[in-house]
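**Q** I have a structure here, written as structure tokens, and I will follow up with some questions on it.
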Amino acid sequence: MNFTKWVVFTSAMAAVSGSALAQLPASKVLTVDVAQTIAQEAMAKCRADGYKVTVLVVDGLNAPKALLRDDGASAATTEVAKMKATATMLYNRPSGPAQPLPPGTAAPPATIPGTINAQGGVPIKVGDATIGAIAVSGAPGGDKDASCANAALAKVSDRLK
């Protein structure tokens, strides 16, 4: 009889274990095609506004997926975009000060090496999950960089589901 109980118990545990594995959430990833589209849309918006910028799109591991530096955008914009993307991924929120600053107040310096406390980095989300970030650098103000990034995400929102 003990053997029968053991077989029933073992079978029940196997069934529970199998169903627990089946309940893992499906994860979303940022594909290179979507990353390129996001970068191109941000570039188009900035160009339409007359800005020469760099656009960087990173995946959920903060690894580059797409990078565009417009003709006339300085080399420094590439590094600044990288720092904005890193800040966005570390804090899981748009880059820049956490609270709006009073007009004319300079943003405090970044506290983590490799980040910058400037607007222009925006998380790429599917529902509540962050699957990457877009960072724009080179417009005359971080708010304008962020505007280009947000416009790109609005254009591809149907592909981020």
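Please note that chains go A, B, ... in the order of the structure tokens, that every chain numbers its residues from 1, and that ligands are numbered from 1 in the order shown.
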With a distance cut-off of 12 Å and only C-alpha atoms, select the neighbouring residues of Thr31 (chain A), excluding the residue or stretch itself and same-chain residues fewer than 6 positions from it, and output the selection as a PyMOL selection string.

**A** chain A and resi 37-38+57-60+64-66+124+131-132+159-160

**Q** Could you write out the selected residues, including all heavy atoms, as a compact mmCIF listing (two decimals), in the first residue's frame?

**A**
# COMPACT_ATOMS: atom_id res chain seq x y z
N THR A 37 12.58 50.66 -37.33
CA THR A 37 11.43 51.51 -37.62
C THR A 37 11.33 52.64 -36.60
O THR A 37 11.09 53.79 -36.97
CB THR A 37 10.13 50.68 -37.65
OG1 THR A 37 10.26 49.67 -38.64
CG2 THR A 37 8.92 51.54 -37.94
N ILE A 38 11.50 52.32 -35.33
CA ILE A 38 11.45 53.35 -34.29
C ILE A 38 12.54 54.40 -34.54
O ILE A 38 12.27 55.61 -34.49
CB ILE A 38 11.62 52.71 -32.89
CG1 ILE A 38 10.38 51.88 -32.54
CG2 ILE A 38 11.86 53.78 -31.83
CD1 ILE A 38 10.55 51.01 -31.29
N VAL A 57 18.46 53.02 -30.38
CA VAL A 57 17.43 52.13 -29.83
C VAL A 57 18.17 50.93 -29.24
O VAL A 57 18.99 50.30 -29.92
CB VAL A 57 16.42 51.68 -30.91
CG1 VAL A 57 15.38 50.73 -30.31
CG2 VAL A 57 15.73 52.89 -31.53
N VAL A 58 17.88 50.65 -27.96
CA VAL A 58 18.50 49.51 -27.27
C VAL A 58 17.42 48.51 -26.88
O VAL A 58 16.25 48.86 -26.75
CB VAL A 58 19.30 49.95 -26.02
CG1 VAL A 58 20.44 50.88 -26.40
CG2 VAL A 58 18.39 50.59 -24.97
N ASP A 59 17.84 47.26 -26.68
CA ASP A 59 16.91 46.22 -26.25
C ASP A 59 16.83 46.16 -24.74
O ASP A 59 17.39 47.02 -24.04
CB ASP A 59 17.27 44.87 -26.86
CG ASP A 59 18.62 44.33 -26.40
OD1 ASP A 59 19.19 44.84 -25.42
OD2 ASP A 59 19.09 43.37 -27.03
N GLY A 60 16.15 45.16 -24.22
CA GLY A 60 15.95 45.01 -22.78
C GLY A 60 17.22 44.78 -21.99
O GLY A 60 17.23 44.92 -20.77
N PRO A 64 22.69 47.82 -28.04
CA PRO A 64 22.20 48.54 -29.22
C PRO A 64 21.51 47.63 -30.23
O PRO A 64 21.97 46.53 -30.51
CB PRO A 64 23.49 49.12 -29.83
CG PRO A 64 24.47 49.14 -28.72
CD PRO A 64 24.12 47.97 -27.84
N LYS A 65 20.37 48.09 -30.74
CA LYS A 65 19.63 47.38 -31.80
C LYS A 65 19.62 48.22 -33.08
O LYS A 65 19.58 47.67 -34.17
CB LYS A 65 18.18 47.11 -31.38
CG LYS A 65 18.01 46.07 -30.31
CD LYS A 65 18.39 44.70 -30.79
CE LYS A 65 17.20 43.91 -31.24
NZ LYS A 65 17.45 42.49 -31.35
N ALA A 66 19.61 49.57 -32.93
CA ALA A 66 19.60 50.45 -34.10
C ALA A 66 20.25 51.77 -33.70
O ALA A 66 20.00 52.28 -32.60
CB ALA A 66 18.18 50.69 -34.59
N ILE A 124 10.74 51.77 -24.00
CA ILE A 124 9.87 51.11 -24.97
C ILE A 124 9.17 50.01 -24.20
O ILE A 124 9.81 49.11 -23.67
CB ILE A 124 10.67 50.53 -26.15
CG1 ILE A 124 11.43 51.65 -26.87
CG2 ILE A 124 9.74 49.78 -27.10
CD1 ILE A 124 12.42 51.14 -27.91
N ILE A 131 10.85 46.66 -22.76
CA ILE A 131 11.60 45.78 -23.65
C ILE A 131 12.78 46.51 -24.30
O ILE A 131 13.51 45.91 -25.09
CB ILE A 131 10.69 45.16 -24.73
CG1 ILE A 131 10.08 46.24 -25.62
CG2 ILE A 131 9.63 44.28 -24.10
CD1 ILE A 131 9.43 45.69 -26.89
N GLY A 132 12.97 47.77 -23.97
CA GLY A 132 14.06 48.53 -24.53
C GLY A 132 13.89 50.00 -24.26
O GLY A 132 13.08 50.41 -23.43
N ARG A 159 2.54 48.11 -33.11
CA ARG A 159 3.48 46.97 -33.17
C ARG A 159 4.06 46.62 -31.80
O ARG A 159 4.81 45.66 -31.67
CB ARG A 159 4.63 47.31 -34.13
CG ARG A 159 4.11 47.47 -35.57
CD ARG A 159 5.18 47.85 -36.53
NE ARG A 159 6.07 46.72 -36.78
CZ ARG A 159 7.10 46.78 -37.60
NH1 ARG A 159 7.38 47.90 -38.24
NH2 ARG A 159 7.87 45.74 -37.79
N LEU A 160 3.70 47.40 -30.78
CA LEU A 160 4.21 47.17 -29.42
C LEU A 160 3.11 46.60 -28.53
O LEU A 160 2.78 47.14 -27.49
CB LEU A 160 4.76 48.47 -28.84
CG LEU A 160 5.95 49.07 -29.57
CD1 LEU A 160 6.30 50.44 -29.01
CD2 LEU A 160 7.14 48.12 -29.51

**Q** Produce a table with one row for each residue of region 61-117 of chain A that has an atom at most 10 Å from any atom of region 43-47 of chain A, each row naming the nearest atom pair and its distance in Å at one decimal; use only C-alpha atoms; arrange rows by chain and rising residue number; format as a tab-separated table.

**A**
residue	atom	partner	partner_atom	distance
A:Leu68	CA	A:Met43	CA	7.7
A:Arg69	CA	A:Met43	CA	8.6
A:Asp70	CA	A:Met43	CA	7.7

**Q** A:Leu90, A:Ala76, A:Ala85, A:Leu24: which is nearest Val136 (chain A), counting only C-alpha atoms?

**A** A:Ala85

**Q** Run DSSP on the backbone and grab whatever in region 13-161 of chain A lands in alpha helix (DSSP H); send it over as a ChimeraX atom specification.

**A** /A:13-22,32-48,76-91,142-155

**Q** Could you check the closest approach to Gln99 (chain A) for each of A:Ala149, A:Ala118, A:Met83, A:Val156 and tell me which residue wins, using only C-alpha atoms?

**A**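 For Gln99 (chain A), the nearest of the candidates is A:Ala118.
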
**Q** Extract, using only C-alpha atoms, all DNA, RNA and protein residues at most 10 Å from Pro108 (chain A), discarding same-chain residues fewer than 4 positions from it, and format them as a PyMOL selection string.

**A** chain A and resi 96-97+101+116-118
